[in-house]
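See below for the structure under consideration.
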Amino acid sequence: MLQKVIAAVLAFLVVAVYRWVRVPAHLRHLPKVPVMPLLLSYLSGEVEERRVKRIIIPFAQKARTDVVLVFCLGEWVVHIVEANAAKRIMEQRGLRKQELPAEMLLWRLTGRQNVFTAEGEMWKRHAKIMHEALHRTIPIEQFAALSRKTFALIGDGGRVRWNDYTHRFSLDAVGTTVIGYDFEALDKPHGAFVERYHEVMAAISSPAYIFLPALERWLPRPAIRDMVDLLVEEFRVLLQKKRDHPGPDMITYMLENPEMSETELRDNIIVTFMGGHDTTAGSLSTIVFLLGQYQDVQARLRAEVASIMGSDEPRLEHFSRMPYLNAVIRESMRFNNPSNVLIPRLSDDPLQVGAHVIPPDTPFIINMCAILHNSTSWAEPDAFDPDRFLNSDKATADASWIPFGLGPRQCPARAFSLYEQKVLVSMLLREYRWSVPKDTVHHDYIKNAFSPFALSLPYDVDIDILKLT
Ligand code: HEM
């Protein structure tokens, strides 16, 4: 009897799983990444970047395709893995971001009335204000002041956990320049606000709740919800303070705009805060790690910085005369691209990609990680080689370099973030020399922490740093 029950339960489970992972009829013409390795990867909590490099890229290469079907969050999603195909698609009209599951706690934090999630007229209004605010000036002096503050903390050097500094640096950079509020992350790493933010993000990032958002209904987390609400309230208070003490920042600029409602203002502060620091921090962790690993690149870059900037304060015009710095940053952002995938999109119309047609209303993802490591665009994609942005491959390399996204919704803070990185890296090179310890955890490849937004955030980036005399 017991055997029959077990057999029935097993049969039921097999049928349920088969139905769950079965490709719908209208997508069966597309090359499908095998589902079992994907499921094992999700279950093991593997980060997006590894999954793409280990499973998706090899499959696409073998199948010689620019389009693959990937099972994710209970549905089949089309991934675009080649730069030209991605560009053509993102220029199409009638694209919209797919709404992620409503249960996700993330929405309680960010709301939905912000430039990141809005569509149509609301998005145009928000994007215009954000674009103007971010392009008024590039706060080079503020980036330089924060770099000096970081060096004061590092002192004469020794072994330094660099990713900790990059997070504090980039949080204060976005705080003081965009939001107009000093979170004092460099001065007070354990300040109440910063701690609460990290706690909330760790809870939101729980892989189980990311891959099965319905858990939020089945196993609700009231204590975490309260913490999220408290954080949202802190952002509201911050907005009120900005009303009373306006300054030369993006939030003041938004407040001057009569069309922005209170909720829109608050939601935009939160997404700018979130989008504005982890990405750049991840990138700065990668660059400095790679410069520590490739001593020849570090020495060559230091020589360029010395010849152009000397001992001057960094100025905008210095950076247009530093092609190698530009190449190193581009190559680092390609090698361990900070943001791996764009938010899934839907199209009202069928989309033609080479020989394949993506039916209307099918979720598709621009897989930036796969594109930035696709061997049709990049010779030896797994090698760190800044010269590819300077030599005869430069035109192809520049055209396929898409870490800030594509189309009208690409990152409005691209220049802001690149200058933030250029200032810190050039000043660091003038101040210090560094190397990677032999026992680094990143020996075979750069290890990134799990991120609910599929970011590449290297952890435990220790460097041995020495002050130059
Ligand atoms: C290395 C640094 C950064 C990277 C790699 C990056 C990457 C991206 C990407 C790929 C997108 C497009 C997302 C999509 O279309 O699905 C995006 C959008 C966005 N980013 Fe960034 N970003 C960075 C820094 C920043 C900073 C510093 C800020 C704010 C100060 C910022 C604010 C935004 C906003 C508001 C959007 C939404 C734009 C829209 O939907 O119209 N980003 N970013």
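So you can find residues: chains in the structure tokens are A, B, ... in the order shown, residues in each start at 1, and ligands are numbered from 1 in order.
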
- Write out as a PyMOL selection string the residues lying within 12 Å of Trp76 of chain A, counting only C-alpha atoms and excluding same-chain residues fewer than 4 positions away. chain A and resi 20-28+30-35+38+68-72+344+362-365

- Message: What does the list of residues within 6 Å of ligand 1 look like if you count only C-alpha atoms and all ligand atoms, written as a PyMOL selection string?
- Response: chain A and resi 115-116+127+174+272+275-277+279-280+283+338-339+342-343+403-405+409-413+417

- Message: Taking 2 positions as the minimum chain separation for residues in the same chain, which residues sit within 10 Å of segment 201-207 of chain A when counting only C-alpha atoms? Answer as a PyMOL selection string.
- Response: chain A and resi 42-47+104-106+109+195-199+209-213+221+224-225+227-228+274+450-453

- Task: For Val194 of chain A, work out the shell of residues within 8 Å, counting only C-alpha atoms and skipping chain neighbours fewer than 4 positions away, then give it as a count of residues only.
- Result: 5

- Residues of segment 337-398 of chain A in helix (DSSP H, G or I), written as a PyMOL selection string: chain A and resi 368-372+386-389+394-398

- All strand (DSSP E) residues (DSSP, backbone) inside segment 100-208 of chain A, as a PyMOL selection string: chain A and resi 157-161

- Task: Find the residues near Ala303 of chain A: any atom within 12 Å, counting only C-alpha atoms, skip ones fewer than 3 places away on the same chain, and give them as a VMD selection string.
- Result: chain A and resid 296 to 300 306 to 310 322 324 to 325 426 429 to 430

For the selection just defined, write its residues with C-alpha atoms to a file, as a CSV table (one decimal), in the first residue's frame.
```csv
chain,number,residue,atom,x,y,z
A,296,ASP,CA,52.4,46.0,-15.8
A,297,VAL,CA,49.0,47.7,-16.4
A,298,GLN,CA,49.2,49.4,-13.0
A,299,ALA,CA,52.7,50.8,-13.8
A,300,ARG,CA,51.7,52.0,-17.3
A,306,ALA,CA,51.7,61.3,-13.7
A,307,SER,CA,52.4,62.8,-17.2
A,308,ILE,CA,48.9,64.3,-17.6
A,309,MET,CA,47.8,65.2,-14.1
A,310,GLY,CA,51.1,65.6,-12.3
A,322,MET,CA,44.2,59.8,-20.7
A,324,TYR,CA,44.8,54.3,-21.2
A,325,LEU,CA,42.8,55.1,-18.1
A,426,SER,CA,43.8,58.2,-10.9
A,429,LEU,CA,47.6,55.6,-8.4
A,430,ARG,CA,49.4,58.8,-7.5
```

- One-decimal distance in Å that lies between atom CA of Asp66 of chain A and atom CA of Val341 of chain A: 15.0 Å

Within 12 Å of segment 230-247 of chain A: each segment 66-181 of chain A residue with its shortest pair, only C-alpha atoms, as CSV:
```
residue,atom,partner,partner_atom,distance
A:Leu106,CA,A:Val232,CA,11.4
A:Trp107,CA,A:Val232,CA,11.0
A:Arg108,CA,A:Val232,CA,8.4
A:Leu109,CA,A:Val232,CA,6.2
A:Thr110,CA,A:Val232,CA,8.2
A:Gly111,CA,A:Val232,CA,9.5
A:Gly175,CA,A:Leu238,CA,11.1
A:Thr176,CA,A:Gly247,CA,10.0
A:Thr177,CA,A:Gly247,CA,9.5
A:Val178,CA,A:Gly247,CA,10.1
A:Ile179,CA,A:Lys242,CA,8.8
A:Gly180,CA,A:Gly247,CA,6.6
A:Tyr181,CA,A:Leu238,CA,7.8
```
